[in-house]
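Enquirer: Please find run-v7.cif (mmCIF, C-alpha atoms) on the next line:
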data_target
#
loop_
_atom_site.label_atom_id
_atom_site.label_comp_id
_atom_site.auth_asym_id
_atom_site.auth_seq_id
_atom_site.Cartn_x
_atom_site.Cartn_y
_atom_site.Cartn_z
CA MET A 12 80.71 143.60 79.62
CA THR A 13 82.03 146.49 77.53
CA THR A 14 85.13 146.59 75.35
CA ASP A 15 87.63 149.40 74.68
CA THR A 16 85.26 150.67 72.01
CA GLY A 17 82.48 151.08 74.54
CA LEU A 18 80.37 148.41 72.88
CA ASP A 19 78.66 145.78 74.96
CA ASP A 20 80.03 142.52 73.58
CA SER A 21 77.60 140.47 75.69
CA ALA A 22 74.66 141.84 73.71
CA PRO A 23 73.18 139.17 71.45
CA THR A 24 74.17 139.53 67.81
CA GLU A 25 71.33 139.55 65.36
CA ARG A 26 71.30 136.17 63.61
CA ARG A 27 69.80 135.78 60.18
CA THR A 28 67.65 132.76 59.45
CA GLN A 29 68.65 130.27 56.77
CA ALA A 30 65.88 131.64 54.55
CA GLU A 31 67.25 135.19 54.97
CA ARG A 32 70.79 134.04 54.14
CA THR A 33 69.53 132.16 51.09
CA ALA A 34 67.54 135.19 49.89
CA GLY A 35 70.57 137.44 50.45
CA THR A 36 72.89 135.17 48.47
CA ARG A 37 70.39 134.86 45.62
CA ALA A 38 69.88 138.65 45.51
CA LYS A 39 73.65 139.24 45.31
CA LEU A 40 73.95 136.73 42.47
CA LEU A 41 70.99 138.18 40.56
CA ASP A 42 72.26 141.76 40.88
CA ALA A 43 75.78 140.70 39.81
CA ALA A 44 74.31 138.80 36.83
CA ILE A 45 72.45 141.90 35.62
CA ASP A 46 75.58 144.03 36.04
CA CYS A 47 77.59 141.52 33.98
CA LEU A 48 74.96 141.29 31.22
CA VAL A 49 74.76 145.07 30.90
CA GLU A 50 78.49 145.70 31.18
CA LEU A 51 79.99 142.64 29.43
CA GLY A 52 77.19 141.23 27.26
CA PHE A 53 76.00 137.64 27.17
CA ALA A 54 79.04 136.14 25.44
CA LYS A 55 81.54 137.53 27.97
CA THR A 56 79.41 136.90 31.04
CA SER A 57 80.54 133.84 32.97
CA THR A 58 79.19 132.27 36.13
CA GLN A 59 82.67 132.62 37.66
CA GLU A 60 82.61 136.37 37.08
CA ILE A 61 79.09 136.65 38.47
CA ALA A 62 80.09 134.72 41.62
CA ARG A 63 83.21 136.91 42.01
CA ARG A 64 81.20 140.13 41.74
CA ALA A 65 78.56 138.79 44.12
CA GLY A 66 81.24 137.84 46.66
CA VAL A 67 80.02 134.26 46.92
CA SER A 68 81.78 130.95 46.33
CA ARG A 69 81.43 129.08 43.07
CA GLY A 70 79.82 126.24 45.05
CA ALA A 71 77.17 128.59 46.45
CA GLN A 72 76.46 129.93 42.99
CA LEU A 73 76.06 126.40 41.58
CA HIS A 74 73.82 125.43 44.50
CA HIS A 75 71.37 128.23 43.70
CA PHE A 76 71.74 128.29 39.91
CA PRO A 77 73.27 125.18 38.30
CA THR A 78 73.57 126.72 34.82
CA LYS A 79 74.44 130.09 33.32
CA GLU A 80 71.05 130.16 31.58
CA SER A 81 69.11 129.56 34.82
CA LEU A 82 71.03 132.32 36.59
CA LEU A 83 70.64 134.91 33.83
CA ILE A 84 66.97 134.21 33.25
CA ALA A 85 66.26 134.42 36.99
CA ALA A 86 68.16 137.72 37.07
CA VAL A 87 66.06 139.25 34.29
CA GLU A 88 62.88 137.94 35.92
CA HIS A 89 63.99 139.50 39.23
CA LEU A 90 64.59 142.82 37.49
CA VAL A 91 61.22 142.70 35.69
CA ASP A 92 59.44 142.26 39.03
CA ARG A 93 61.41 145.11 40.59
CA ARG A 94 60.89 147.45 37.62
CA LEU A 95 57.16 146.74 37.45
CA SER A 96 56.82 147.43 41.19
CA GLU A 97 58.68 150.74 40.78
CA ILE A 98 56.40 151.82 37.93
CA LEU A 99 53.20 150.91 39.80
CA GLU A 100 54.36 152.45 43.10
CA ALA A 101 55.04 155.73 41.26
CA GLU A 102 51.31 155.90 40.43
CA PRO A 103 51.93 156.95 36.83
CA ASP A 104 49.55 159.26 35.01
CA PRO A 105 47.28 157.23 32.69
CA GLU A 106 47.32 160.15 30.22
CA ARG A 107 50.99 159.33 29.54
CA GLY A 108 50.31 155.70 28.49
CA PRO A 109 52.70 155.26 25.54
CA GLU A 110 55.37 157.37 27.23
CA ILE A 111 55.26 155.13 30.33
CA LEU A 112 55.59 152.02 28.14
CA ALA A 113 58.46 153.57 26.18
CA ASP A 114 60.23 154.44 29.44
CA ALA A 115 59.77 150.86 30.67
CA PHE A 116 61.99 149.67 27.80
CA SER A 117 65.10 151.46 28.99
CA GLY A 118 67.92 151.05 31.45
CA PRO A 119 69.43 147.84 32.83
CA LEU A 120 66.28 145.75 32.39
CA PHE A 121 66.07 146.43 28.68
CA TYR A 122 69.79 145.98 28.01
CA ALA A 123 69.99 142.74 30.01
CA ALA A 124 66.90 141.32 28.27
CA LEU A 125 68.22 142.39 24.88
CA GLU A 126 71.44 140.47 25.48
CA LEU A 127 69.41 137.33 26.20
CA TRP A 128 67.09 137.80 23.21
CA VAL A 129 69.98 138.09 20.78
CA ALA A 130 71.88 135.15 22.29
CA ALA A 131 68.72 133.00 22.28
CA ARG A 132 68.45 133.29 18.50
CA THR A 133 71.39 130.90 18.02
CA ASP A 134 71.44 129.06 21.37
CA PRO A 135 68.68 126.40 21.45
CA ALA A 136 68.96 125.75 25.21
CA LEU A 137 68.72 129.46 26.03
CA HIS A 138 65.88 129.90 23.53
CA GLU A 139 63.90 127.10 25.18
CA ALA A 140 64.58 128.53 28.64
CA MET A 141 63.55 132.03 27.54
CA ILE A 142 60.07 131.06 26.36
CA PRO A 143 58.46 130.90 29.84
CA LEU A 144 60.29 134.09 30.88
CA GLU A 145 59.06 135.98 27.82
CA ARG A 146 55.51 134.77 28.47
CA ARG A 147 55.75 135.95 32.08
CA VAL A 148 57.26 139.31 31.08
CA ALA A 149 54.50 139.86 28.50
CA GLU A 150 51.83 139.07 31.11
CA ALA A 151 53.47 141.36 33.68
CA ILE A 152 53.72 144.26 31.23
CA GLN A 153 50.18 143.72 29.95
CA GLY A 154 48.78 143.48 33.49
CA GLY A 155 50.77 146.48 34.72
CA ALA A 156 49.72 148.57 31.72
CA GLN A 157 46.06 147.70 32.26
CA ILE A 158 46.35 148.76 35.92
CA VAL A 159 47.92 152.07 34.87
CA MET A 160 45.76 152.83 31.82
CA GLY A 161 42.45 151.49 33.09
CA SER A 162 39.96 151.93 30.27
CA ARG A 163 42.11 154.47 28.41
CA MET A 164 43.72 151.74 26.24
CA SER A 165 42.28 148.50 24.94
CA PRO A 166 44.26 145.26 25.45
CA GLU A 167 45.13 145.33 21.72
CA SER A 168 46.38 148.93 21.99
CA ILE A 169 48.54 147.96 24.96
CA GLU A 170 49.95 144.98 23.07
CA LEU A 171 50.68 147.12 20.01
CA SER A 172 52.25 149.78 22.22
CA VAL A 173 54.52 147.24 23.91
CA GLU A 174 55.80 146.11 20.50
CA LEU A 175 56.30 149.73 19.40
CA ALA A 176 58.11 150.56 22.65
CA ARG A 177 60.44 147.58 22.24
CA GLY A 178 61.23 148.55 18.63
CA LEU A 179 61.82 152.18 19.58
CA ALA A 180 64.20 151.06 22.34
CA VAL A 181 66.20 148.82 19.98
CA SER A 182 66.60 151.52 17.34
CA ALA A 183 67.61 154.01 20.09
CA LEU A 184 70.88 152.08 20.44
CA PHE A 185 72.00 153.84 17.25
CA ARG A 186 70.88 157.36 18.15
CA THR A 187 72.41 159.93 20.43
CA PRO A 188 70.35 160.73 23.55
CA GLU A 189 69.51 164.10 22.00
CA ALA A 190 68.34 162.56 18.72
CA ASP A 191 66.31 159.98 20.63
CA ALA A 192 64.61 162.68 22.72
CA LEU A 193 63.69 164.56 19.52
CA LEU A 194 62.29 161.44 17.86
CA ARG A 195 60.29 160.49 20.93
CA GLY A 196 59.00 164.06 21.24
CA ARG A 197 57.76 163.85 17.66
CA LEU A 198 56.34 160.32 17.70
CA LEU A 199 54.83 159.92 21.18
CA PRO A 200 51.97 162.42 20.64
CA VAL A 201 51.02 160.68 17.37
CA TRP A 202 51.27 157.27 19.03
CA SER A 203 49.08 158.44 21.94
CA GLU A 204 46.50 159.83 19.57
CA LYS A 205 46.23 156.47 17.78
CA VAL A 206 45.99 154.18 20.82
CA MET A 207 44.43 156.23 23.65
CA ASP A 208 40.65 156.56 23.98
CA SER A 209 39.49 160.14 24.00
#
Take the structure in the file and write it out as structure tokens.

Expert:
Amino acid sequence: MTTDTGLDDSAPTERRTQAERTAGTRAKLLDAAIDCLVELGFAKTSTQEIARRAGVSRGAQLHHFPTKESLLIAAVEHLVDRRLSEILEAEPDPERGPEILADAFSGPLFYAALELWVAARTDPALHEAMIPLERRVAEAIQGGAQIVMGSRMSPESIELSVELARGLAVSALFRTPEADALLRGRLLPVWSEKVMDS
């Protein structure tokens, strides 16, 4: 049977499974949480605002993530996985080791994580919840960097480079994009020379 629009309304509609609906709701909440962290900061981010932006009920949000901390940490973890996949799928050039690491500490992932790091300094519950996330992030970055760099960088050089990249990203908050590009252009070759095997 066709309607005025010419569509066959007897055709079966595609039904999503419960698992697909659950995954969809969680993804909306995680994406909305990252948007809130980046745009509003930790202090102004509320679970109500996240649920509103995600287009889900407060009850659905509480079902998936009973606390603000659990939701925000899951959101950063979700973004870490996505960012790492993007970097590895791009098949980055191992010759650009430090540059790749410096680039990894930019954009929404970095700003969302930074909001949580700063808030965790004075929030014991968030601090405790962040410890496993930070361990997992460190392992993901270390593992991803070893895949990209192969034997070009030792594990210690990768670890040192991660710390340098994080520090460079934090200080970039107080530089213009032009000044940051100049600084990176000056420091990255020196950094590469120190940590990359010839």

Enquirer: Dig up all the protein and nucleic acid residues within 8 Å of (59.4, 157.7, 24.5) in the file frame, using only C-alpha atoms, and format them as a VMD selection string.

Expert: chain A and resid 109 to 114 176 179 192 195 to 196 198 to 199

Enquirer: If you count all atoms listed in the file, which residues fall within 12 Å of A:Ile98, apart from same-chain ones fewer than 4 positions away, as a list of chain:residue names?

Expert: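 Counting all atoms listed in the file, the residues come to A:Val91, A:Asp92, A:Arg93, A:Arg94, A:Glu102, A:Pro103, A:Asp104, A:Pro105, A:Gly108, A:Ile111, A:Leu112, A:Asp114, A:Ala115, A:Phe116, A:Ala151, A:Ile152, A:Gly155, A:Ala156, A:Ile158, A:Val159.
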
Enquirer: Kindly give the distance, in Å, that separates atom CA of A:Glu170 and atom CA of A:Val129, rounded to a single decimal.

Expert: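 Rounded to one decimal, the two atoms are 21.3 Å apart.
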
Enquirer: So how far away is atom CA of A:Ala149 from atom CA of A:Met164, in Å?

Expert: 16.2 Å

Enquirer: I'd like the neighbourhood of A:Phe76 as number ranges by chain, where a residue qualifies if any of its atoms comes within 12 Å (using all atoms listed in the file), though same-chain residues fewer than 3 positions away should be ignored.

Expert: A: 36-38, 40-41, 44, 58-59, 61-62, 69-73, 79-86

Enquirer: Any idea what the distance is between atom CA of A:Trp202 and atom CA of A:Ser182?

Expert: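 The value is 16.5 Å.
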
Enquirer: So that I can check the surroundings of stretch 48-53 of chain A, please list as a PyMOL selection string every protein, DNA and RNA residue that reaches within 6 Å of it, counting only C-alpha atoms and ignoring chain neighbours fewer than 3 positions away.

Expert: chain A and resi 45+56+122-123+126

Enquirer: Go ahead and dump the residues you just picked, C-alpha atoms, as a PDB file, keeping the file's coordinate frame.

Expert:
ATOM      1  CA  ILE A  45      72.450 141.900  35.620  1.00  0.00           C
ATOM      2  CA  THR A  56      79.410 136.900  31.040  1.00  0.00           C
ATOM      3  CA  TYR A 122      69.790 145.980  28.010  1.00  0.00           C
ATOM      4  CA  ALA A 123      69.990 142.740  30.010  1.00  0.00           C
ATOM      5  CA  GLU A 126      71.440 140.470  25.480  1.00  0.00           C
TER       6      GLU A 126
END

Enquirer: Mind checking which residues fall within 12 Å of A:Gly154, counting all atoms listed in the file, ignoring those fewer than 6 positions away in the same chain, and posting them as number ranges by chain?

Expert: A: 95-96, 99, 147-148, 160-161, 165-166, 169-170, 173

Enquirer: Check the smallest atom-to-atom distance from each of A:Leu175, A:Val206, A:Glu167, A:Val87 to A:Met141 using only C-alpha atoms, then report the winner.

Expert: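 When distances to A:Met141 are compared using only C-alpha atoms, the smallest one comes from A:Val87.
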
Enquirer: How big is the axis-aligned box, and where does its centre sit, when it encloses all atoms of stretch 35-38 of chain A listed in the file and has 3 Å added on every side, reported in Å to one decimal as AutoDock Vina command-line options?

Expert:
--center_x 71.4 --center_y 136.8 --center_z 48.0 --size_x 9.0 --size_y 9.8 --size_z 10.9

Enquirer: Kindly indicate which residue among A:Ala43, A:Ala131, A:Ala180, A:Ile142 lies nearest to A:Glu60, using only C-alpha atoms for the distances.

Expert: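 Using only C-alpha atoms, the shortest distance to A:Glu60 belongs to A:Ala43.
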
Enquirer: Write out N, CA and C atoms for stretch 180-195 of chain A, as an mmCIF file, in the coordinates of the input.

Expert:
data_model
loop_
_atom_site.group_PDB
_atom_site.id
_atom_site.type_symbol
_atom_site.label_atom_id
_atom_site.label_comp_id
_atom_site.auth_asym_id
_atom_site.auth_seq_id
_atom_site.Cartn_x
_atom_site.Cartn_y
_atom_site.Cartn_z
ATOM 1 N N ALA A 180 63.043 151.225 21.454
ATOM 2 C CA ALA A 180 64.200 151.060 22.340
ATOM 3 C C ALA A 180 65.381 150.426 21.599
ATOM 4 N N VAL A 181 65.108 149.448 20.736
ATOM 5 C CA VAL A 181 66.200 148.820 19.980
ATOM 6 C C VAL A 181 66.836 149.820 19.031
ATOM 7 N N SER A 182 66.032 150.561 18.296
ATOM 8 C CA SER A 182 66.600 151.520 17.340
ATOM 9 C C SER A 182 67.313 152.670 18.051
ATOM 10 N N ALA A 183 66.950 152.938 19.329
ATOM 11 C CA ALA A 183 67.610 154.010 20.090
ATOM 12 C C ALA A 183 69.075 153.714 20.343
ATOM 13 N N LEU A 184 69.471 152.443 20.240
ATOM 14 C CA LEU A 184 70.880 152.080 20.440
ATOM 15 C C LEU A 184 71.786 152.792 19.440
ATOM 16 N N PHE A 185 71.205 153.220 18.312
ATOM 17 C CA PHE A 185 72.000 153.840 17.250
ATOM 18 C C PHE A 185 71.756 155.335 17.128
ATOM 19 N N ARG A 186 71.101 155.907 18.127
ATOM 20 C CA ARG A 186 70.880 157.360 18.150
ATOM 21 C C ARG A 186 71.556 157.960 19.360
ATOM 22 N N THR A 187 71.903 159.221 19.263
ATOM 23 C CA THR A 187 72.410 159.930 20.430
ATOM 24 C C THR A 187 71.222 160.180 21.365
ATOM 25 N N PRO A 188 71.468 160.419 22.641
ATOM 26 C CA PRO A 188 70.350 160.730 23.550
ATOM 27 C C PRO A 188 69.531 161.931 23.066
ATOM 28 N N GLU A 189 70.214 162.910 22.492
ATOM 29 C CA GLU A 189 69.510 164.100 22.000
ATOM 30 C C GLU A 189 68.597 163.750 20.827
ATOM 31 N N ALA A 190 69.135 162.962 19.884
ATOM 32 C CA ALA A 190 68.340 162.560 18.720
ATOM 33 C C ALA A 190 67.164 161.687 19.151
ATOM 34 N N ASP A 191 67.386 160.848 20.147
ATOM 35 C CA ASP A 191 66.310 159.980 20.630
ATOM 36 C C ASP A 191 65.212 160.812 21.283
ATOM 37 N N ALA A 192 65.601 161.809 22.071
ATOM 38 C CA ALA A 192 64.610 162.680 22.720
ATOM 39 C C ALA A 192 63.776 163.411 21.665
ATOM 40 N N LEU A 193 64.417 163.867 20.596
ATOM 41 C CA LEU A 193 63.690 164.560 19.520
ATOM 42 C C LEU A 193 62.711 163.624 18.835
ATOM 43 N N LEU A 194 63.167 162.408 18.533
ATOM 44 C CA LEU A 194 62.290 161.440 17.860
ATOM 45 C C LEU A 194 61.104 161.084 18.740
ATOM 46 N N ARG A 195 61.380 160.816 20.011
ATOM 47 C CA ARG A 195 60.290 160.490 20.930
ATOM 48 C C ARG A 195 59.318 161.654 21.068
#
